file query-v6.pdb (PDB, C-alpha atoms and all ligand atoms)
ATOM      1  CA  MET L   1     -73.447 -35.232  61.824
ATOM      2  CA  THR L   2     -70.086 -33.793  60.848
ATOM      3  CA  HIS L   3     -69.091 -33.145  57.275
ATOM      4  CA  PRO L   4     -65.956 -31.737  55.679
ATOM      5  CA  GLU L   5     -65.611 -28.037  54.863
ATOM      6  CA  GLN L   6     -67.469 -27.663  51.564
ATOM      7  CA  TRP L   7     -65.567 -24.658  50.197
ATOM      8  CA  PRO L   8     -62.081 -24.698  51.766
ATOM      9  CA  LEU L   9     -60.932 -21.985  49.339
ATOM     10  CA  ARG L  10     -62.694 -19.432  51.539
ATOM     11  CA  ASN L  11     -60.041 -20.044  54.206
ATOM     12  CA  LEU L  12     -57.041 -19.864  51.860
ATOM     13  CA  VAL L  13     -54.838 -16.789  52.323
ATOM     14  CA  LEU L  14     -51.402 -15.990  50.911
ATOM     15  CA  ARG L  15     -49.495 -13.124  52.496
ATOM     16  CA  SER L  16     -46.377 -11.522  51.029
ATOM     17  CA  PRO L  17     -44.665  -8.444  52.517
ATOM     18  CA  ARG L  18     -47.128  -5.930  51.040
ATOM     19  CA  LEU L  19     -49.975  -8.047  49.711
ATOM     20  CA  GLU L  20     -52.805 -10.325  50.752
ATOM     21  CA  LEU L  21     -54.122 -12.780  48.156
ATOM     22  CA  ARG L  22     -57.420 -14.645  48.593
ATOM     23  CA  PRO L  23     -59.556 -16.574  46.086
ATOM     24  CA  ASP L  24     -62.270 -14.286  44.744
ATOM     25  CA  ASP L  25     -65.259 -13.395  46.915
ATOM     26  CA  ASP L  26     -68.258 -11.396  45.748
ATOM     27  CA  ALA L  27     -67.499  -8.181  47.637
ATOM     28  CA  GLY L  28     -63.936  -8.251  46.313
ATOM     29  CA  LEU L  29     -65.098  -8.869  42.747
ATOM     30  CA  PHE L  30     -67.230  -5.717  42.834
ATOM     31  CA  GLU L  31     -64.111  -3.829  43.962
ATOM     32  CA  LEU L  32     -62.117  -5.447  41.154
ATOM     33  CA  VAL L  33     -64.696  -4.287  38.605
ATOM     34  CA  GLU L  34     -64.189  -0.710  39.801
ATOM     35  CA  VAL L  35     -60.421  -1.130  39.387
ATOM     36  CA  GLY L  36     -61.100  -2.337  35.843
ATOM     37  CA  TYR L  37     -63.310   0.654  35.044
ATOM     38  CA  ARG L  38     -60.567   3.035  36.231
ATOM     39  CA  GLY L  39     -58.224   1.552  33.589
ATOM     40  CA  VAL L  40     -55.820  -1.359  33.195
ATOM     41  CA  HIS L  41     -53.802  -0.313  30.153
ATOM     42  CA  PRO L  42     -53.526   2.673  27.778
ATOM     43  CA  PRO L  43     -56.388   2.603  25.225
ATOM     44  CA  GLY L  44     -53.941   2.148  22.340
ATOM     45  CA  GLU L  45     -52.607  -1.129  23.799
ATOM     46  CA  MET L  46     -54.189  -4.552  24.255
ATOM     47  CA  PRO L  47     -52.279  -6.908  26.560
ATOM     48  CA  PHE L  48     -55.070  -9.520  26.814
ATOM     49  CA  LEU L  49     -55.747 -12.569  24.651
ATOM     50  CA  VAL L  50     -59.447 -12.155  25.456
ATOM     51  CA  PRO L  51     -59.904  -8.405  24.925
ATOM     52  CA  TRP L  52     -62.357  -7.910  27.789
ATOM     53  CA  THR L  53     -61.347  -4.282  28.283
ATOM     54  CA  ASP L  54     -62.695  -3.518  24.775
ATOM     55  CA  ALA L  55     -66.217  -4.518  25.902
ATOM     56  CA  ASP L  56     -69.009  -1.921  25.889
ATOM     57  CA  PRO L  57     -68.498  -0.080  29.222
ATOM     58  CA  ALA L  58     -72.226  -0.432  29.907
ATOM     59  CA  TYR L  59     -71.747  -4.186  30.267
ATOM     60  CA  MET L  60     -68.043  -4.722  30.977
ATOM     61  CA  GLY L  61     -68.567  -4.955  34.721
ATOM     62  CA  ARG L  62     -71.358  -7.477  34.497
ATOM     63  CA  GLY L  63     -69.351  -9.553  32.006
ATOM     64  CA  THR L  64     -66.351  -9.486  34.349
ATOM     65  CA  LEU L  65     -68.458 -10.624  37.308
ATOM     66  CA  GLN L  66     -70.093 -13.395  35.283
ATOM     67  CA  HIS L  67     -66.709 -14.600  34.013
ATOM     68  CA  PHE L  68     -65.381 -15.027  37.539
ATOM     69  CA  TRP L  69     -68.654 -16.519  38.817
ATOM     70  CA  SER L  70     -68.722 -19.091  36.013
ATOM     71  CA  GLN L  71     -65.123 -20.067  36.721
ATOM     72  CA  ARG L  72     -65.925 -20.491  40.400
ATOM     73  CA  ALA L  73     -69.081 -22.477  39.650
ATOM     74  CA  GLN L  74     -67.220 -24.906  37.367
ATOM     75  CA  LEU L  75     -64.230 -25.526  39.645
ATOM     76  CA  SER L  76     -63.345 -29.206  40.100
ATOM     77  CA  PRO L  77     -60.194 -31.202  40.964
ATOM     78  CA  GLU L  78     -59.785 -31.919  37.229
ATOM     79  CA  ARG L  79     -60.106 -28.328  36.060
ATOM     80  CA  TRP L  80     -59.696 -25.389  38.389
ATOM     81  CA  ALA L  81     -58.982 -21.707  38.232
ATOM     82  CA  LEU L  82     -58.075 -19.816  41.378
ATOM     83  CA  HIS L  83     -58.535 -16.098  40.888
ATOM     84  CA  PHE L  84     -56.685 -14.504  43.785
ATOM     85  CA  LEU L  85     -57.883 -11.002  44.529
ATOM     86  CA  VAL L  86     -54.791  -8.977  45.402
ATOM     87  CA  ARG L  87     -55.204  -6.513  48.245
ATOM     88  CA  PHE L  88     -52.730  -3.766  49.103
ATOM     89  CA  ASP L  89     -53.486  -1.845  52.316
ATOM     90  CA  GLY L  90     -56.808  -3.713  52.403
ATOM     91  CA  GLU L  91     -57.939  -2.539  48.955
ATOM     92  CA  VAL L  92     -58.283  -4.687  45.858
ATOM     93  CA  VAL L  93     -55.672  -3.592  43.304
ATOM     94  CA  GLY L  94     -55.848  -6.466  40.814
ATOM     95  CA  VAL L  95     -56.094 -10.193  40.305
ATOM     96  CA  GLN L  96     -53.552 -12.996  40.074
ATOM     97  CA  SER L  97     -54.999 -16.147  38.510
ATOM     98  CA  VAL L  98     -53.628 -19.674  38.725
ATOM     99  CA  VAL L  99     -55.135 -22.406  36.574
ATOM    100  CA  GLY L 100     -54.665 -26.173  36.758
ATOM    101  CA  THR L 101     -55.937 -28.964  34.499
ATOM    102  CA  ASP L 102     -55.733 -32.555  35.723
ATOM    103  CA  PHE L 103     -53.240 -31.240  38.263
ATOM    104  CA  ALA L 104     -53.009 -34.601  40.064
ATOM    105  CA  VAL L 105     -51.291 -35.932  36.935
ATOM    106  CA  THR L 106     -49.828 -32.889  35.173
ATOM    107  CA  ARG L 107     -48.485 -31.076  38.256
ATOM    108  CA  GLU L 108     -48.584 -27.968  36.086
ATOM    109  CA  VAL L 109     -50.140 -24.532  36.587
ATOM    110  CA  SER L 110     -50.584 -21.529  34.317
ATOM    111  CA  THR L 111     -50.855 -17.961  35.549
ATOM    112  CA  GLY L 112     -52.284 -14.669  34.342
ATOM    113  CA  SER L 113     -52.741 -11.318  36.053
ATOM    114  CA  TRP L 114     -53.579  -7.651  35.883
ATOM    115  CA  LEU L 115     -53.387  -4.567  38.066
ATOM    116  CA  GLY L 116     -55.086  -1.196  37.913
ATOM    117  CA  LEU L 117     -52.930   1.323  36.049
ATOM    118  CA  PRO L 118     -52.106   3.463  39.124
ATOM    119  CA  GLN L 119     -50.743   0.369  40.885
ATOM    120  CA  GLN L 120     -48.431  -0.722  38.067
ATOM    121  CA  GLY L 121     -44.668  -0.295  38.041
ATOM    122  CA  ARG L 122     -44.259  -0.532  41.836
ATOM    123  CA  GLY L 123     -43.161  -4.155  42.023
ATOM    124  CA  ILE L 124     -46.639  -5.410  42.931
ATOM    125  CA  GLY L 125     -46.930  -7.553  39.788
ATOM    126  CA  THR L 126     -43.647  -9.275  40.606
ATOM    127  CA  GLU L 127     -44.627  -9.781  44.247
ATOM    128  CA  MET L 128     -48.023 -11.317  43.447
ATOM    129  CA  ARG L 129     -46.654 -13.640  40.746
ATOM    130  CA  ALA L 130     -43.868 -14.729  43.125
ATOM    131  CA  ALA L 131     -46.506 -15.376  45.808
ATOM    132  CA  VAL L 132     -48.538 -17.782  43.677
ATOM    133  CA  LEU L 133     -45.386 -19.494  42.382
ATOM    134  CA  LEU L 134     -44.271 -20.165  45.959
ATOM    135  CA  PHE L 135     -47.770 -21.457  46.697
ATOM    136  CA  ALA L 136     -47.830 -23.693  43.600
ATOM    137  CA  PHE L 137     -44.321 -25.129  43.975
ATOM    138  CA  ASP L 138     -44.032 -25.348  47.763
ATOM    139  CA  HIS L 139     -47.629 -26.037  48.832
ATOM    140  CA  LEU L 140     -49.298 -27.779  45.879
ATOM    141  CA  GLY L 141     -46.240 -29.644  44.581
ATOM    142  CA  ALA L 142     -46.313 -28.145  41.075
ATOM    143  CA  ARG L 143     -43.422 -29.160  38.819
ATOM    144  CA  GLN L 144     -43.973 -26.586  36.083
ATOM    145  CA  ALA L 145     -45.545 -23.145  35.824
ATOM    146  CA  ARG L 146     -46.521 -21.632  32.499
ATOM    147  CA  SER L 147     -47.162 -18.064  31.499
ATOM    148  CA  GLY L 148     -47.206 -16.065  28.309
ATOM    149  CA  ALA L 149     -47.509 -12.545  27.013
ATOM    150  CA  PHE L 150     -47.645 -10.717  23.732
ATOM    151  CA  ALA L 151     -44.151  -9.881  22.521
ATOM    152  CA  ASP L 152     -44.735  -6.141  23.134
ATOM    153  CA  ASN L 153     -45.806  -6.548  26.790
ATOM    154  CA  THR L 154     -42.534  -5.370  28.314
ATOM    155  CA  ALA L 155     -43.722  -5.266  31.928
ATOM    156  CA  SER L 156     -45.090  -8.814  31.886
ATOM    157  CA  HIS L 157     -41.958 -10.194  30.224
ATOM    158  CA  ARG L 158     -39.765  -8.346  32.699
ATOM    159  CA  VAL L 159     -41.693  -9.885  35.622
ATOM    160  CA  SER L 160     -41.280 -13.348  34.085
ATOM    161  CA  ALA L 161     -37.555 -12.842  33.452
ATOM    162  CA  LYS L 162     -36.995 -11.652  37.037
ATOM    163  CA  LEU L 163     -38.552 -14.870  38.329
ATOM    164  CA  GLY L 164     -36.527 -17.194  36.093
ATOM    165  CA  TYR L 165     -38.973 -18.215  33.330
ATOM    166  CA  ARG L 166     -37.483 -19.439  30.049
ATOM    167  CA  PRO L 167     -38.997 -18.920  26.558
ATOM    168  CA  ASP L 168     -40.956 -21.951  25.408
ATOM    169  CA  GLY L 169     -42.083 -21.190  21.868
ATOM    170  CA  THR L 170     -44.695 -18.864  20.456
ATOM    171  CA  ASN L 171     -48.343 -18.677  19.414
ATOM    172  CA  THR L 172     -49.777 -16.366  16.776
ATOM    173  CA  TYR L 173     -53.069 -14.520  17.211
ATOM    174  CA  ALA L 174     -55.171 -11.812  15.637
ATOM    175  CA  ARG L 175     -55.292  -8.817  17.987
ATOM    176  CA  ARG L 176     -57.666  -6.034  17.053
ATOM    177  CA  GLY L 177     -57.441  -7.427  13.525
ATOM    178  CA  GLU L 178     -53.635  -7.517  13.373
ATOM    179  CA  ARG L 179     -51.148 -10.364  13.596
ATOM    180  CA  VAL L 180     -49.362 -10.607  16.942
ATOM    181  CA  GLU L 181     -46.990 -13.086  18.512
ATOM    182  CA  GLU L 182     -47.413 -14.419  22.022
ATOM    183  CA  VAL L 183     -44.243 -15.650  23.702
ATOM    184  CA  ARG L 184     -44.892 -18.717  25.856
ATOM    185  CA  LEU L 185     -42.872 -19.012  29.059
ATOM    186  CA  LEU L 186     -42.033 -21.934  31.292
ATOM    187  CA  LEU L 187     -40.683 -22.105  34.853
ATOM    188  CA  THR L 188     -39.499 -25.132  36.811
ATOM    189  CA  PRO L 189     -38.732 -25.233  40.548
ATOM    190  CA  GLU L 190     -35.062 -25.652  39.612
ATOM    191  CA  ALA L 191     -35.009 -22.487  37.477
ATOM    192  CA  PHE L 192     -37.018 -20.654  40.153
ATOM    193  CA  ALA L 193     -34.456 -21.624  42.824
ATOM    194  CA  ASP L 194     -32.067 -18.858  41.726
ATOM    195  CA  HIS L 195     -34.870 -16.279  41.547
ATOM    196  CA  ARG L 196     -36.906 -16.932  44.685
ATOM    197  CA  PRO L 197     -37.755 -13.772  46.627
ATOM    198  CA  ALA L 198     -35.846 -13.019  49.808
ATOM    199  CA  TRP L 199     -39.102 -12.948  51.802
ATOM    200  CA  THR L 200     -41.160 -15.853  53.089
ATOM    201  CA  LEU L 201     -44.732 -16.430  51.935
ATOM    202  CA  GLN L 202     -47.242 -16.855  54.769
ATOM    203  CA  VAL L 203     -49.934 -19.371  53.810
ATOM    204  CA  GLU L 204     -53.125 -20.286  55.686
ATOM    205  CA  GLY L 205     -55.577 -22.991  54.757
ATOM    206  CA  ALA L 206     -53.596 -24.720  51.977
ATOM    207  CA  ALA L 207     -53.763 -28.269  53.340
ATOM    208  CA  ASP L 208     -57.576 -28.236  53.385
ATOM    209  CA  CYS L 209     -57.657 -27.212  49.697
ATOM    210  CA  ALA L 210     -55.353 -30.001  48.479
ATOM    211  CA  GLY L 211     -58.121 -32.499  47.696
ATOM    212  CA  LEU L 212     -60.222 -29.970  45.809
ATOM    213  CA  LEU L 213     -57.200 -29.054  43.655
ATOM    214  CA  GLY L 214     -55.972 -32.596  43.012
ATOM    215  CA  ALA L 215     -52.847 -31.793  44.994
ATOM    216  CA  TRP L 216     -52.866 -34.340  47.808
TER     217      TRP L 216
HETATM  218  C1  LIG E   1     -48.053  -7.007  33.777
HETATM  219  C2  LIG E   1     -48.301  -6.438  35.164
HETATM  220  C3  LIG E   1     -49.193  -7.377  35.978
HETATM  221  C4  LIG E   1     -46.933  -6.293  35.873
HETATM  222  O1  LIG E   1     -47.122  -5.729  37.135
HETATM  223  P1  LIG E   1     -46.266  -4.464  37.625
HETATM  224  O2  LIG E   1     -46.569  -4.238  39.052
HETATM  225  O3  LIG E   1     -46.501  -3.336  36.690
HETATM  226  O4  LIG E   1     -44.797  -5.026  37.445
HETATM  227  P2  LIG E   1     -43.512  -4.731  38.355
HETATM  228  O5  LIG E   1     -43.525  -3.301  38.791
HETATM  229  O6  LIG E   1     -43.424  -5.780  39.406
HETATM  230  O7  LIG E   1     -42.355  -5.030  37.312
HETATM  231  C5  LIG E   1     -42.412  -4.484  36.015
HETATM  232  C6  LIG E   1     -41.028  -4.530  35.415
HETATM  233  O8  LIG E   1     -41.141  -4.193  34.034
HETATM  234  C7  LIG E   1     -40.377  -3.052  33.794
HETATM  235  N1  LIG E   1     -41.079  -2.284  32.767
HETATM  236  C8  LIG E   1     -42.372  -1.928  32.749
HETATM  237  N2  LIG E   1     -42.646  -1.251  31.631
HETATM  238  C9  LIG E   1     -41.516  -1.191  30.940
HETATM  239  C10 LIG E   1     -41.152  -0.615  29.701
HETATM  240  N3  LIG E   1     -42.050   0.004  28.928
HETATM  241  N4  LIG E   1     -39.889  -0.750  29.286
HETATM  242  C11 LIG E   1     -38.969  -1.385  30.047
HETATM  243  N5  LIG E   1     -39.248  -1.950  31.241
HETATM  244  C12 LIG E   1     -40.511  -1.860  31.664
HETATM  245  C13 LIG E   1     -40.264  -2.334  35.103
HETATM  246  O9  LIG E   1     -39.146  -1.486  35.148
HETATM  247  C14 LIG E   1     -40.111  -3.524  36.049
HETATM  248  O10 LIG E   1     -38.826  -4.086  35.976
HETATM  249  P3  LIG E   1     -37.712  -3.780  37.113
HETATM  250  O11 LIG E   1     -38.265  -4.261  38.416
HETATM  251  O12 LIG E   1     -36.521  -4.541  36.643
HETATM  252  O13 LIG E   1     -37.518  -2.294  37.105
HETATM  253  C15 LIG E   1     -48.973  -5.039  35.106
HETATM  254  O14 LIG E   1     -48.103  -4.142  34.480
HETATM  255  C16 LIG E   1     -50.310  -5.033  34.398
HETATM  256  O15 LIG E   1     -51.323  -5.317  35.010
HETATM  257  N6  LIG E   1     -50.322  -4.688  33.088
HETATM  258  C17 LIG E   1     -51.576  -4.614  32.310
HETATM  259  C18 LIG E   1     -52.223  -5.961  32.150
HETATM  260  C19 LIG E   1     -51.265  -7.006  31.637
HETATM  261  O16 LIG E   1     -50.414  -6.747  30.801
HETATM  262  N7  LIG E   1     -51.414  -8.236  32.164
HETATM  263  C20 LIG E   1     -50.603  -9.352  31.742
HETATM  264  C21 LIG E   1     -51.118  -9.914  30.456
HETATM  265  S1  LIG E   1     -50.024 -11.187  29.875
END

call {"tool": "encode", "arguments": {"input": "query-v6.pdb", "output": "structure tokens"}}
result
Amino acid sequence: MTHPEQWPLRNLVLRSPRLELRPDDDAGLFELVEVGYRGVHPPGEMPFLVPWTDADPAYMGRGTLQHFWSQRAQLSPERWALHFLVRFDGEVVGVQSVVGTDFAVTREVSTGSWLGLPQQGRGIGTEMRAAVLLFAFDHLGARQARSGAFADNTASHRVSAKLGYRPDGTNTYARRGERVEEVRLLLTPEAFADHRPAWTLQVEGAADCAGLLGAW
């Protein structure tokens, strides 16, 4: 008896000039945890809405693994989160997440990402965000992509500006007990048109994932 591939995400690969992005696998997640332990931001800063890097180091790794496992376990066409492990020269350097809710109707994705400190500032963050935007717009048929960052996250805002995002309001949060503003950002395929990278994204396995992501 034949049956369809049960987890087509295992065959999904995005390749940009320097990077390979694949939905998280267990071996890669353990590598990602090590990247996290080596540092993601200076201790005096907190770029994340969920301050996972402030967790007790004795448990941070386990919490990180369980977060990604729970997201993978709950994935459905109505609510999915693809956590692309980003590999540079074959080594995991960070993660580029893409989230969709009721994508079949909303045609909207949101993204979030981080890199190990030694890998930052070399254009990798821009390349990996561009990769998933090309995937979302050109392969899944997304009509909007959202992002957001605290007002003081210069690198993240610079990446968004380079790719054509426009400001779309703000949210206010308590960060380490202090008031902070998050700037919401919105990108359409039209705005992205003037900011698309010069390179071509190589994609394998996207068509088989369409049903699982509500993107047929
Ligand atoms: C945000 C992040 C993913 C960006 O990736 P990256 O590889 O560092 O970004 P890039 O090198 O592609 O681009 C960064 C841009 O910001 C600029 N930049 C970075 N820090 C800056 C600063 N303090 N002041 C001015 N410009 C700055 C860089 O010059 C570059 O712009 P350019 O290409 O015009 O020179 C990465 O820095 C990171 O993981 N940070 C910690 C976690 C985080 O903030 N995640 C996002 C939460 S919203």

call {"tool": "closest_residue", "arguments": {"input": "query-v6.pdb", "among": "L:Asn153, L:Thr2, L:Gln71, L:Gln66", "to": "ligand LIG 1 (chain E)", "atoms": "all atoms listed in the file"}}
result
L:Asn153

call {"tool": "resolve_selection", "arguments": {"input": "query-v6.pdb", "expression": "the PyMOL selection byres (((not hetatm)) within 9 of (chain E and resi 1))", "output": "PyMOL selection string"}}
result
chain L and resi 40-42+46-49+94-96+111-117+119-129+147-150+152-162+182

call {"tool": "atom_distance", "arguments": {"input": "query-v6.pdb", "atom1": "atom CA of L:Val180", "atom2": "atom CA of L:Thr101"}}
result
26.2 Å

call {"tool": "residues_around", "arguments": {"input": "query-v6.pdb", "residues": "L:Asn171", "least_positions_apart": "4", "cutoff": "8 Å", "atoms": "all atoms listed in the file", "output": "ChimeraX atom specification"}}
result
/L:181-184

call {"tool": "atom_distance", "arguments": {"input": "query-v6.pdb", "atom1": "atom CA of L:Arg179", "atom2": "atom CA of L:Pro167"}}
result
19.7 Å

call {"tool": "closest_residue", "arguments": {"input": "query-v6.pdb", "among": "L:Val33, L:Leu21, L:Val86, L:Ala174", "to": "L:Phe68", "atoms": "all atoms listed in the file"}}
result
L:Val33

call {"tool": "resolve_selection", "arguments": {"input": "query-v6.pdb", "expression": "the PyMOL selection byres (((chain L and resi 206) around 9) and not hetatm)", "output": "ChimeraX atom specification"}}
result
/L:8-9,11-13,135,139-140,203-205,207-210

call {"tool": "atom_distance", "arguments": {"input": "query-v6.pdb", "atom1": "atom CA of L:Val50", "atom2": "atom CA of L:Glu91"}}
result
25.4 Å

call {"tool": "closest_residue", "arguments": {"input": "query-v6.pdb", "among": "L:Pro197, L:Pro43, L:Gly36, L:Pro189", "to": "L:Glu108", "atoms": "only C-alpha atoms"}}
result
L:Pro189

call {"tool": "closest_residue", "arguments": {"input": "query-v6.pdb", "among": "L:Leu213, L:Leu201, L:Leu163, L:Val105", "to": "L:Leu82", "atoms": "all atoms listed in the file"}}
result
L:Leu213

call {"tool": "closest_residue", "arguments": {"input": "query-v6.pdb", "among": "L:Gln74, L:Ala145, L:Asp25, L:Arg62", "to": "L:Phe103", "atoms": "only C-alpha atoms"}}
result
L:Ala145

call {"tool": "resolve_selection", "arguments": {"input": "query-v6.pdb", "expression": "the PyMOL selection byres (((chain L and resi 56-61) around 9) and not hetatm)", "output": "ChimeraX atom specification"}}
result
/L:30,33-34,36-37,52-55,62-66

call {"tool": "axis_aligned_box", "arguments": {"input": "query-v6.pdb", "around": "stretch 54-65 of chain L", "padding_each_side": "3 Å", "output": "JSON"}}
result
{"center_x": -67.5, "center_y": -5.4, "center_z": 31.0, "size_x": 15.5, "size_y": 16.5, "size_z": 18.5}

call {"tool": "closest_residue", "arguments": {"input": "query-v6.pdb", "among": "L:Leu14, L:Ala73, L:Val93, L:Ala104", "to": "L:Leu29", "atoms": "all atoms listed in the file"}}
result
L:Val93

call {"tool": "residues_near_point", "arguments": {"input": "query-v6.pdb", "point": "(-32.0, -16.6, 38.8)", "cutoff": "6 Å", "atoms": "only C-alpha atoms", "output": "list in words"}}
result
Gly164, Asp194 and His195 of chain L

call {"tool": "decode", "arguments": {"input": "query-v6.pdb", "residues": "stretch 174-187 of chain L", "atoms": "N, CA and C atoms", "output": "mmCIF file, in the first residue's frame"}}
result
data_model
loop_
_atom_site.group_PDB
_atom_site.id
_atom_site.type_symbol
_atom_site.label_atom_id
_atom_site.label_comp_id
_atom_site.auth_asym_id
_atom_site.auth_seq_id
_atom_site.Cartn_x
_atom_site.Cartn_y
_atom_site.Cartn_z
ATOM 1 N N ALA L 174 7.020 45.188 28.888
ATOM 2 C CA ALA L 174 7.964 45.303 29.998
ATOM 3 C C ALA L 174 9.141 44.393 29.675
ATOM 4 N N ARG L 175 10.344 44.979 29.648
ATOM 5 C CA ARG L 175 11.552 44.188 29.378
ATOM 6 C C ARG L 175 12.477 44.319 30.573
ATOM 7 N N ARG L 176 12.765 43.223 31.200
ATOM 8 C CA ARG L 176 13.578 43.249 32.422
ATOM 9 C C ARG L 176 13.071 44.342 33.362
ATOM 10 N N GLY L 177 11.724 44.444 33.421
ATOM 11 C CA GLY L 177 11.092 45.368 34.364
ATOM 12 C C GLY L 177 10.997 46.801 33.880
ATOM 13 N N GLU L 178 11.425 47.067 32.634
ATOM 14 C CA GLU L 178 11.360 48.443 32.130
ATOM 15 C C GLU L 178 10.562 48.518 30.842
ATOM 16 N N ARG L 179 9.894 49.665 30.658
ATOM 17 C CA ARG L 179 9.042 49.891 29.509
ATOM 18 C C ARG L 179 9.894 49.921 28.229
ATOM 19 N N VAL L 180 9.427 49.228 27.202
ATOM 20 C CA VAL L 180 10.152 49.248 25.931
ATOM 21 C C VAL L 180 9.154 49.162 24.780
ATOM 22 N N GLU L 181 9.500 49.825 23.695
ATOM 23 C CA GLU L 181 8.627 49.843 22.531
ATOM 24 C C GLU L 181 9.148 48.862 21.478
ATOM 25 N N GLU L 182 8.222 48.074 20.956
ATOM 26 C CA GLU L 182 8.541 47.219 19.814
ATOM 27 C C GLU L 182 7.969 47.884 18.569
ATOM 28 N N VAL L 183 8.775 47.987 17.537
ATOM 29 C CA VAL L 183 8.304 48.540 16.265
ATOM 30 C C VAL L 183 7.880 47.365 15.382
ATOM 31 N N ARG L 184 6.610 47.375 14.979
ATOM 32 C CA ARG L 184 6.111 46.327 14.084
ATOM 33 C C ARG L 184 6.457 46.718 12.647
ATOM 34 N N LEU L 185 6.718 45.704 11.834
ATOM 35 C CA LEU L 185 7.147 45.948 10.449
ATOM 36 C C LEU L 185 6.360 45.060 9.504
ATOM 37 N N LEU L 186 6.105 45.588 8.323
ATOM 38 C CA LEU L 186 5.274 44.877 7.355
ATOM 39 C C LEU L 186 5.912 44.955 5.972
ATOM 40 N N LEU L 187 5.905 43.820 5.266
ATOM 41 C CA LEU L 187 6.479 43.772 3.911
ATOM 42 C C LEU L 187 5.486 43.109 2.966
#
